[in-house]
Amino acid sequence: MKKEQLVNLVEQMTLKEKVDQLLQLAADFYSEKAEAKTGPMAQLNITQDTVNHAGTTLGISGAKEAIRVQKTYMENNRLHIPTLLMADIIHGFRTIFPIPLGLGSSWDLQAAKQMAEVSAKEAAVSGLHVTFSPMVDLVRDPRWGRVMESTGEDPFLNARFAEAFVKGYQGDDLEHDFMRVAACVKHFAAYGAALAGRDYNTVNMSERQLRDQYLPGYKAALDAGAKLVMTSFNTVDGVPATGNEWLFRDVLRGEFGFDGVVISDWGAVQELIPHGVAKDQKEAARLAIQASVDIEMMTNCYTGYLEELITEGTVPEAMLDEAVLRILELKNDLGLFEHPYRGADEALEAQHVLSDEHRSIARDVARRSIVLLKNEHATLPLRKDQTLALVGPAAQSHDVLGVWSWQGKKEEAVTLAQGVQHYAKQVRTQTEAFDYFTPSKEAIEEAVSLAKEAEVVILALGEEDWMSGEASSQTDIRLPQAQLELFDKVRAVAKTLIVTLYNGRPLDLTAIQSADAIVEAWFPGTEAGNALADILFGVYNPSGRLSMSFPENVGQVPVFYNTDNTGRPYLGDPNEKYVSKYLDASNQPRYPFGYGLSYGEVTYSQTIVHQDTVQLGDTITVEATISNHSDYKRRETVQLYVRDIVGKVVRPVRELKGFTQIDLAPQESQTVRFELTTDQLFYVHSNQEWSTEPGEFHVWMAPNSQEGVKTSFTFV
């Protein structure tokens, strides 16, 4: 459809039909069973007529059902406008990939794009049009359960992943490529900075910090073409995001130039009332529409009061019209007016969903996301002829998908035991079921007995999926106490002990540091056990690098690499008291951002900058030689960090400005070069302007955020 036809369609709609286009309802409202939707309709105080005209739908599953719902919807809709089918496809549809924090730890943008492409294909043939992904919230507090949905603590890395996700979901021709879905970037804005890591909590930061650290990720997703933006639950400068006119009209639409659809998160419009900025639903509706929220998800403030607000002149009808037009334009961008069923196809669904090809891709992406945290005495990789004991609660668990794996099925996931048995000639596993929190006496005794008899013990520990994700904040980020007690008992008898971890957040791993090797697998997805076994047996040399720091203990939180310096920095002298430090812990995380081991040693030469002085517009060439001193082929993630020594605003002690991955053959050396532009030295000042000043800059090429030999240049 041409735009003038869409405008004409808006003009034909009644006021009520326009308001109904702004409502999103869940799948239950479109059930074939009348009794299944009567309750939800009564709860929202809406009629069947409103259901028939609600503009978008949440959580429909399967090609057959999607076609049925779309057909029925268009028959009941007076103007035969199609509905939009949306869902939370976060790290896979049916074929589940690593959680986004694991994907971030791959530092592999192609892997992220592949995940999005596979997810889009499976979702599209199953009838869906929009995914509520990527989440690009910057995260620095592992107590917050939703860290598992983010790609980490760094603005630059998050922005690059945001671009990769959007391109993977949407492709180059969204209207005609029916194997793609539209991307919705979320949560705008700064949801990841919830105070004390408590979900839905207040966010309190300066506008300068918001612009400098938190907004770049969303902007990158929008620049990549994301079609939708979702509001966040939190406040921004004391105003809830869903009713924040400055945030959405001035910043998002005005400064960023976004003219697509803004959708609230679930119930967020009505939550303006308990937030304390709206006295009732009518006022909540006014604040949200004035803030430019186009779709209200699963509350009825718009349907209940928007007509009244317009009739009495409080809200201009033109404001409603622009929201409806944006929704129709999105439907048009997806080609739904000409092809209302779009990619929904039962035959293609059977062919592509959880296909062998997709499982193979998921396995490869998962092993790129796994991080080797410790490997004393070259414990790993394992030999196939070693006698192994595989024990612990995660050894035979199918709970490896992580939350937000909506269509994933745990029974289809590969366990660690299944993966290890492909390689090991002599491996004994437990016969007793092993609970994550209250293992039986028999299970513990069996684990210890098996550990005594083996050359190497693999102790599989971690979290269950519900322990991270939305509404899963925790103040204690250690492993469950029963697992720590099990570790001590197994450690006491094991000759060599390897710990593997399935989890959704950085953990305090102090209590298991005596393990010979520690492997962070996150929640790896459908091919979990195969991917982890590939790492353990050296079929794939681990290349994952942390995208979020692991603290020594929760008392350090938030702890992150790109912190600001202070007037009394701690310089390493433990006897110096009046400096910024703890008495009982280090200032540094146990495992820093960018950290991860591989099999074999690698070294970095002195970083070289080819220009001593640079001017505005110059390109700074930075290089170093990376050498593989082992007989293993390895992939190395080379990271470029910069520090602005003197600025008008205090600058972080290091900032990531680039990264690349290189494949090194055994005993090979490669020279890696980065081209750093002077634009990358800019930052947000107190007056919100983007600029920099003359002065000295330090620069490192390094394997992580704490290592590397620095050099410098001067910006004049």
# chains A, B, ... in the order shown; residues from 1 in each chain; ligands from 1
>>> residues_around(residues="segment 617-631 of chain A", least_positions_apart="4", cutoff="6 Å", atoms="only C-alpha atoms", output="list in words")
Gly600, Glu601, Val602, Thr603, Tyr604, Ser605, Thr607, Ile608, Val609, His610, Pro666, Gln667, Glu668, Ser669, Gln670, Thr671, Val672, Arg673, Phe674, Glu675, Leu676, Thr677 and Thr678 of chain A
>>> write_last_selection(atoms="C-alpha atoms", output="PDB file, in the first residue's frame")
ATOM      1  CA  GLY A 600      47.762 -22.923  25.078  1.00  0.00           C
ATOM      2  CA  GLU A 601      49.632 -19.679  25.708  1.00  0.00           C
ATOM      3  CA  VAL A 602      49.283 -16.491  23.689  1.00  0.00           C
ATOM      4  CA  THR A 603      51.315 -13.296  24.071  1.00  0.00           C
ATOM      5  CA  TYR A 604      50.788  -9.698  22.985  1.00  0.00           C
ATOM      6  CA  SER A 605      53.655  -7.490  21.908  1.00  0.00           C
ATOM      7  CA  THR A 607      51.115  -1.796  21.564  1.00  0.00           C
ATOM      8  CA  ILE A 608      52.332   0.589  18.858  1.00  0.00           C
ATOM      9  CA  VAL A 609      50.651   3.848  17.861  1.00  0.00           C
ATOM     10  CA  HIS A 610      51.953   5.173  14.558  1.00  0.00           C
ATOM     11  CA  PRO A 666      49.730 -23.509  16.110  1.00  0.00           C
ATOM     12  CA  GLN A 667      52.890 -21.443  16.686  1.00  0.00           C
ATOM     13  CA  GLU A 668      51.581 -18.666  14.410  1.00  0.00           C
ATOM     14  CA  SER A 669      51.941 -14.915  14.953  1.00  0.00           C
ATOM     15  CA  GLN A 670      49.762 -12.221  13.405  1.00  0.00           C
ATOM     16  CA  THR A 671      49.996  -8.447  13.442  1.00  0.00           C
ATOM     17  CA  VAL A 672      46.612  -6.885  14.196  1.00  0.00           C
ATOM     18  CA  ARG A 673      45.820  -3.278  13.301  1.00  0.00           C
ATOM     19  CA  PHE A 674      42.985  -1.024  14.406  1.00  0.00           C
ATOM     20  CA  GLU A 675      42.035   2.251  12.753  1.00  0.00           C
ATOM     21  CA  LEU A 676      40.844   4.560  15.534  1.00  0.00           C
ATOM     22  CA  THR A 677      39.110   7.787  14.490  1.00  0.00           C
ATOM     23  CA  THR A 678      39.152  10.995  16.482  1.00  0.00           C
TER      24      THR A 678
END
>>> residues_around(residues="Pro558 of chain A", least_positions_apart="6", cutoff="10 Å", atoms="only C-alpha atoms", output="ChimeraX atom specification")
/A:139-143,193,196-197,549-551,589
>>> select_by_dssp(residues="segment 170-414 of chain A", states="strand (DSSP E)", output="PyMOL selection string")
chain A and resi 182-188+228-231+235-236+239-240+261-263+296-297+371-375+387-391
>>> closest_residue(among="A:Leu479, A:Met298, A:Ala323, A:Val147", to="Ile46 of chain A", atoms="only C-alpha atoms")
A:Met298
>>> residues_around(residues="segment 381-385 of chain A", least_positions_apart="2", cutoff="7 Å", atoms="only C-alpha atoms", output="PyMOL selection string")
chain A and resi 379+387+423-426+536-538
>>> closest_residue(among="A:Glu11, A:Asp345, A:Asp476, A:Glu308", to="Arg68 of chain A", atoms="only C-alpha atoms")
A:Asp345
>>> residues_around(residues="Gly392 of chain A", least_positions_apart="2", cutoff="10 Å", atoms="only C-alpha atoms", output="list in words")
Ala389, Leu390, Ala394, Ala395, Gln396, Ser397, Thr429, Gln430, Ala433, Phe434, Asp435, Tyr436, Pro439, Ala443, Ile444, Glu446, Ala447, Val448, Ile458, Leu459, Ala460, Leu461, Gly462, Gln483, Leu486, Phe487, Val490, Val499 and Thr500 of chain A
>>> closest_residue(among="A:Ile477, A:Pro574, A:Gly254, A:Lys121", to="Gln351 of chain A", atoms="only C-alpha atoms")
A:Lys121
>>> residues_around(residues="Asp49 of chain A", least_positions_apart="3", cutoff="9 Å", atoms="only C-alpha atoms", output="list of chain:residue names")
A:Ile46, A:Asn52, A:His53, A:Ala54, A:Asn76, A:Asn77
>>> write_last_selection(atoms="C-alpha atoms", output="PDB file, in the first residue's frame")
ATOM      1  CA  ILE A  46     -13.651  -5.159  27.131  1.00  0.00           C
ATOM      2  CA  ASN A  52     -12.168  -8.030  16.959  1.00  0.00           C
ATOM      3  CA  HIS A  53     -10.478  -4.661  16.337  1.00  0.00           C
ATOM      4  CA  ALA A  54      -7.469  -4.799  18.701  1.00  0.00           C
ATOM      5  CA  ASN A  76     -14.541  -9.634  11.849  1.00  0.00           C
ATOM      6  CA  ASN A  77     -12.673  -6.388  11.171  1.00  0.00           C
TER       7      ASN A  77
END
>>> select_by_dssp(residues="segment 109-169 of chain A", states="alpha helix (DSSP H)", output="PyMOL selection string")
chain A and resi 109-125+155-169
>>> write_last_selection(atoms="C-alpha atoms", output="PDB file, in the first residue's frame")
ATOM      1  CA  LEU A 109      28.814 -10.646  15.793  1.00  0.00           C
ATOM      2  CA  GLN A 110      28.316 -13.217  13.051  1.00  0.00           C
ATOM      3  CA  ALA A 111      27.213 -15.775  15.656  1.00  0.00           C
ATOM      4  CA  ALA A 112      24.686 -13.283  17.021  1.00  0.00           C
ATOM      5  CA  LYS A 113      23.404 -12.575  13.525  1.00  0.00           C
ATOM      6  CA  GLN A 114      23.086 -16.314  12.845  1.00  0.00           C
ATOM      7  CA  MET A 115      21.065 -16.767  16.028  1.00  0.00           C
ATOM      8  CA  ALA A 116      18.700 -14.000  14.935  1.00  0.00           C
ATOM      9  CA  GLU A 117      18.389 -15.383  11.396  1.00  0.00           C
ATOM     10  CA  VAL A 118      17.521 -18.885  12.605  1.00  0.00           C
ATOM     11  CA  SER A 119      15.116 -17.509  15.220  1.00  0.00           C
ATOM     12  CA  ALA A 120      13.424 -15.300  12.625  1.00  0.00           C
ATOM     13  CA  LYS A 121      13.038 -18.160  10.148  1.00  0.00           C
ATOM     14  CA  GLU A 122      11.480 -20.519  12.702  1.00  0.00           C
ATOM     15  CA  ALA A 123       9.199 -17.779  14.046  1.00  0.00           C
ATOM     16  CA  ALA A 124       8.157 -16.530  10.604  1.00  0.00           C
ATOM     17  CA  VAL A 125       7.134 -19.934   9.210  1.00  0.00           C
ATOM     18  CA  PRO A 155      28.214   0.455  25.683  1.00  0.00           C
ATOM     19  CA  PHE A 156      30.396  -0.206  22.631  1.00  0.00           C
ATOM     20  CA  LEU A 157      30.024  -4.000  22.707  1.00  0.00           C
ATOM     21  CA  ASN A 158      26.279  -3.765  23.358  1.00  0.00           C
ATOM     22  CA  ALA A 159      25.846  -1.422  20.398  1.00  0.00           C
ATOM     23  CA  ARG A 160      27.640  -3.757  18.007  1.00  0.00           C
ATOM     24  CA  PHE A 161      25.508  -6.709  19.147  1.00  0.00           C
ATOM     25  CA  ALA A 162      22.343  -4.620  18.854  1.00  0.00           C
ATOM     26  CA  GLU A 163      23.154  -3.988  15.198  1.00  0.00           C
ATOM     27  CA  ALA A 164      23.886  -7.661  14.556  1.00  0.00           C
ATOM     28  CA  PHE A 165      20.619  -8.827  16.126  1.00  0.00           C
ATOM     29  CA  VAL A 166      18.495  -6.353  14.168  1.00  0.00           C
ATOM     30  CA  LYS A 167      20.158  -7.231  10.847  1.00  0.00           C
ATOM     31  CA  GLY A 168      19.723 -10.920  11.552  1.00  0.00           C
ATOM     32  CA  TYR A 169      16.039 -10.630  12.421  1.00  0.00           C
TER      33      TYR A 169
END
>>> residues_around(residues="Met205 of chain A", least_positions_apart="6", cutoff="10 Å", atoms="only C-alpha atoms", output="compact mmCIF listing (two decimals) with all heavy atoms, in the first residue's frame")
# COMPACT_ATOMS: atom_id res chain seq x y z
N ALA A 190 17.33 2.66 30.01
CA ALA A 190 18.15 2.51 31.22
C ALA A 190 17.56 1.53 32.24
O ALA A 190 17.89 1.59 33.41
CB ALA A 190 18.38 3.87 31.89
N ALA A 193 19.75 -0.27 34.89
CA ALA A 193 20.38 0.43 36.01
C ALA A 193 19.46 0.50 37.23
O ALA A 193 19.60 1.40 38.08
CB ALA A 193 20.77 1.84 35.58
N VAL A 236 12.80 7.53 34.58
CA VAL A 236 13.96 8.22 34.04
C VAL A 236 13.87 9.66 34.53
O VAL A 236 12.93 10.38 34.17
CB VAL A 236 14.00 8.16 32.50
CG1 VAL A 236 15.18 8.98 31.96
CG2 VAL A 236 14.10 6.72 32.02
N ASP A 237 14.80 10.05 35.39
CA ASP A 237 14.78 11.36 36.03
C ASP A 237 13.45 11.61 36.73
O ASP A 237 12.86 12.68 36.65
CB ASP A 237 15.04 12.47 35.01
CG ASP A 237 15.42 13.79 35.68
OD1 ASP A 237 15.86 13.76 36.85
OD2 ASP A 237 15.27 14.85 35.04
N GLY A 238 12.99 10.58 37.45
CA GLY A 238 11.79 10.71 38.27
C GLY A 238 10.49 10.53 37.54
O GLY A 238 9.42 10.54 38.17
>>> atom_distance(atom1="atom CA of Ala182 of chain A", atom2="atom CA of Thr83 of chain A")
14.1 Å
>>> residues_around(residues="Thr314 of chain A", least_positions_apart="2", cutoff="12 Å", atoms="only C-alpha atoms", output="ChimeraX atom specification")
/A:282-283,285-287,289-290,305-312,316-320
>>> write_last_selection(atoms="C-alpha atoms", output="PDB file, in the first residue's frame")
ATOM      1  CA  LYS A 282      -7.785   8.151  32.372  1.00  0.00           C
ATOM      2  CA  GLU A 283      -4.753  10.139  33.440  1.00  0.00           C
ATOM      3  CA  ALA A 285      -3.912   7.080  29.123  1.00  0.00           C
ATOM      4  CA  ARG A 286      -3.306  10.804  28.678  1.00  0.00           C
ATOM      5  CA  LEU A 287       0.304  10.629  29.842  1.00  0.00           C
ATOM      6  CA  ILE A 289      -0.398   8.966  24.440  1.00  0.00           C
ATOM      7  CA  GLN A 290       1.248  12.336  25.007  1.00  0.00           C
ATOM      8  CA  TYR A 305     -10.645   6.550  28.262  1.00  0.00           C
ATOM      9  CA  LEU A 306      -8.934   7.719  25.068  1.00  0.00           C
ATOM     10  CA  GLU A 307     -12.222   8.432  23.268  1.00  0.00           C
ATOM     11  CA  GLU A 308     -13.359  10.517  26.223  1.00  0.00           C
ATOM     12  CA  LEU A 309     -10.051  12.410  26.363  1.00  0.00           C
ATOM     13  CA  ILE A 310     -10.356  13.266  22.680  1.00  0.00           C
ATOM     14  CA  THR A 311     -14.046  14.182  22.833  1.00  0.00           C
ATOM     15  CA  GLU A 312     -13.479  16.612  25.700  1.00  0.00           C
ATOM     16  CA  PRO A 316      -6.078  16.096  20.086  1.00  0.00           C
ATOM     17  CA  GLU A 317      -7.404  13.447  17.707  1.00  0.00           C
ATOM     18  CA  ALA A 318      -4.376  14.086  15.507  1.00  0.00           C
ATOM     19  CA  MET A 319      -2.239  12.493  18.241  1.00  0.00           C
ATOM     20  CA  LEU A 320      -4.326   9.326  17.984  1.00  0.00           C
TER      21      LEU A 320
END
>>> decode(residues="segment 603-624 of chain A", atoms="N, CA, C and O atoms", output="PDB file, in the first residue's frame")
ATOM      1  N   THR A 603      50.703 -14.529  23.564  1.00  0.00           N
ATOM      2  CA  THR A 603      51.315 -13.296  24.071  1.00  0.00           C
ATOM      3  C   THR A 603      51.008 -12.140  23.129  1.00  0.00           C
ATOM      4  O   THR A 603      50.793 -12.323  21.934  1.00  0.00           O
ATOM      5  N   TYR A 604      50.997 -10.940  23.722  1.00  0.00           N
ATOM      6  CA  TYR A 604      50.788  -9.698  22.985  1.00  0.00           C
ATOM      7  C   TYR A 604      52.077  -8.883  23.043  1.00  0.00           C
ATOM      8  O   TYR A 604      52.666  -8.720  24.121  1.00  0.00           O
ATOM      9  N   SER A 605      52.486  -8.362  21.918  1.00  0.00           N
ATOM     10  CA  SER A 605      53.655  -7.490  21.908  1.00  0.00           C
ATOM     11  C   SER A 605      53.274  -6.119  22.467  1.00  0.00           C
ATOM     12  O   SER A 605      52.112  -5.849  22.760  1.00  0.00           O
ATOM     13  N   GLN A 606      54.265  -5.246  22.588  1.00  0.00           N
ATOM     14  CA  GLN A 606      54.017  -3.854  22.940  1.00  0.00           C
ATOM     15  C   GLN A 606      53.034  -3.235  21.931  1.00  0.00           C
ATOM     16  O   GLN A 606      53.164  -3.415  20.717  1.00  0.00           O
ATOM     17  N   THR A 607      52.036  -2.522  22.441  1.00  0.00           N
ATOM     18  CA  THR A 607      51.115  -1.796  21.564  1.00  0.00           C
ATOM     19  C   THR A 607      51.860  -0.640  20.906  1.00  0.00           C
ATOM     20  O   THR A 607      52.596   0.100  21.565  1.00  0.00           O
ATOM     21  N   ILE A 608      51.668  -0.481  19.615  1.00  0.00           N
ATOM     22  CA  ILE A 608      52.332   0.589  18.858  1.00  0.00           C
ATOM     23  C   ILE A 608      51.274   1.529  18.289  1.00  0.00           C
ATOM     24  O   ILE A 608      50.300   1.075  17.679  1.00  0.00           O
ATOM     25  N   VAL A 609      51.470   2.826  18.508  1.00  0.00           N
ATOM     26  CA  VAL A 609      50.651   3.848  17.861  1.00  0.00           C
ATOM     27  C   VAL A 609      51.540   4.570  16.864  1.00  0.00           C
ATOM     28  O   VAL A 609      52.619   5.044  17.210  1.00  0.00           O
ATOM     29  N   HIS A 610      51.093   4.652  15.626  1.00  0.00           N
ATOM     30  CA  HIS A 610      51.953   5.173  14.558  1.00  0.00           C
ATOM     31  C   HIS A 610      52.020   6.700  14.525  1.00  0.00           C
ATOM     32  O   HIS A 610      52.855   7.254  13.812  1.00  0.00           O
ATOM     33  N   GLN A 611      51.146   7.379  15.263  1.00  0.00           N
ATOM     34  CA  GLN A 611      51.176   8.847  15.299  1.00  0.00           C
ATOM     35  C   GLN A 611      51.341   9.309  16.740  1.00  0.00           C
ATOM     36  O   GLN A 611      50.553   8.921  17.610  1.00  0.00           O
ATOM     37  N   ASP A 612      52.355  10.114  16.983  1.00  0.00           N
ATOM     38  CA  ASP A 612      52.533  10.665  18.326  1.00  0.00           C
ATOM     39  C   ASP A 612      51.484  11.719  18.627  1.00  0.00           C
ATOM     40  O   ASP A 612      51.022  11.848  19.763  1.00  0.00           O
ATOM     41  N   THR A 613      51.138  12.513  17.603  1.00  0.00           N
ATOM     42  CA  THR A 613      50.108  13.541  17.763  1.00  0.00           C
ATOM     43  C   THR A 613      49.091  13.397  16.637  1.00  0.00           C
ATOM     44  O   THR A 613      49.435  13.030  15.507  1.00  0.00           O
ATOM     45  N   VAL A 614      47.838  13.686  16.954  1.00  0.00           N
ATOM     46  CA  VAL A 614      46.767  13.612  15.962  1.00  0.00           C
ATOM     47  C   VAL A 614      45.900  14.857  16.067  1.00  0.00           C
ATOM     48  O   VAL A 614      45.823  15.496  17.123  1.00  0.00           O
ATOM     49  N   GLN A 615      45.244  15.185  14.958  1.00  0.00           N
ATOM     50  CA  GLN A 615      44.327  16.315  14.918  1.00  0.00           C
ATOM     51  C   GLN A 615      42.940  15.811  14.550  1.00  0.00           C
ATOM     52  O   GLN A 615      42.768  14.672  14.103  1.00  0.00           O
ATOM     53  N   LEU A 616      41.954  16.675  14.721  1.00  0.00           N
ATOM     54  CA  LEU A 616      40.579  16.332  14.413  1.00  0.00           C
ATOM     55  C   LEU A 616      40.467  15.825  12.976  1.00  0.00           C
ATOM     56  O   LEU A 616      40.962  16.459  12.045  1.00  0.00           O
ATOM     57  N   GLY A 617      39.836  14.673  12.817  1.00  0.00           N
ATOM     58  CA  GLY A 617      39.674  14.087  11.489  1.00  0.00           C
ATOM     59  C   GLY A 617      40.733  13.076  11.120  1.00  0.00           C
ATOM     60  O   GLY A 617      40.582  12.341  10.141  1.00  0.00           O
ATOM     61  N   ASP A 618      41.816  13.012  11.884  1.00  0.00           N
ATOM     62  CA  ASP A 618      42.869  12.034  11.608  1.00  0.00           C
ATOM     63  C   ASP A 618      42.413  10.623  11.968  1.00  0.00           C
ATOM     64  O   ASP A 618      41.491  10.419  12.771  1.00  0.00           O
ATOM     65  N   THR A 619      43.102   9.655  11.398  1.00  0.00           N
ATOM     66  CA  THR A 619      42.916   8.257  11.771  1.00  0.00           C
ATOM     67  C   THR A 619      44.167   7.794  12.498  1.00  0.00           C
ATOM     68  O   THR A 619      45.289   8.021  12.030  1.00  0.00           O
ATOM     69  N   ILE A 620      43.969   7.168  13.649  1.00  0.00           N
ATOM     70  CA  ILE A 620      45.089   6.699  14.467  1.00  0.00           C
ATOM     71  C   ILE A 620      45.256   5.204  14.227  1.00  0.00           C
ATOM     72  O   ILE A 620      44.331   4.417  14.466  1.00  0.00           O
ATOM     73  N   THR A 621      46.423   4.790  13.750  1.00  0.00           N
ATOM     74  CA  THR A 621      46.698   3.374  13.505  1.00  0.00           C
ATOM     75  C   THR A 621      47.364   2.771  14.736  1.00  0.00           C
ATOM     76  O   THR A 621      48.413   3.248  15.184  1.00  0.00           O
ATOM     77  N   VAL A 622      46.726   1.733  15.275  1.00  0.00           N
ATOM     78  CA  VAL A 622      47.228   1.052  16.474  1.00  0.00           C
ATOM     79  C   VAL A 622      47.470  -0.405  16.099  1.00  0.00           C
ATOM     80  O   VAL A 622      46.633  -1.034  15.449  1.00  0.00           O
ATOM     81  N   GLU A 623      48.609  -0.952  16.499  1.00  0.00           N
ATOM     82  CA  GLU A 623      48.874  -2.345  16.146  1.00  0.00           C
ATOM     83  C   GLU A 623      49.666  -3.057  17.232  1.00  0.00           C
ATOM     84  O   GLU A 623      50.325  -2.440  18.078  1.00  0.00           O
ATOM     85  N   ALA A 624      49.585  -4.373  17.198  1.00  0.00           N
ATOM     86  CA  ALA A 624      50.381  -5.239  18.072  1.00  0.00           C
ATOM     87  C   ALA A 624      50.464  -6.605  17.406  1.00  0.00           C
ATOM     88  O   ALA A 624      49.644  -6.946  16.545  1.00  0.00           O
TER      89      ALA A 624
END
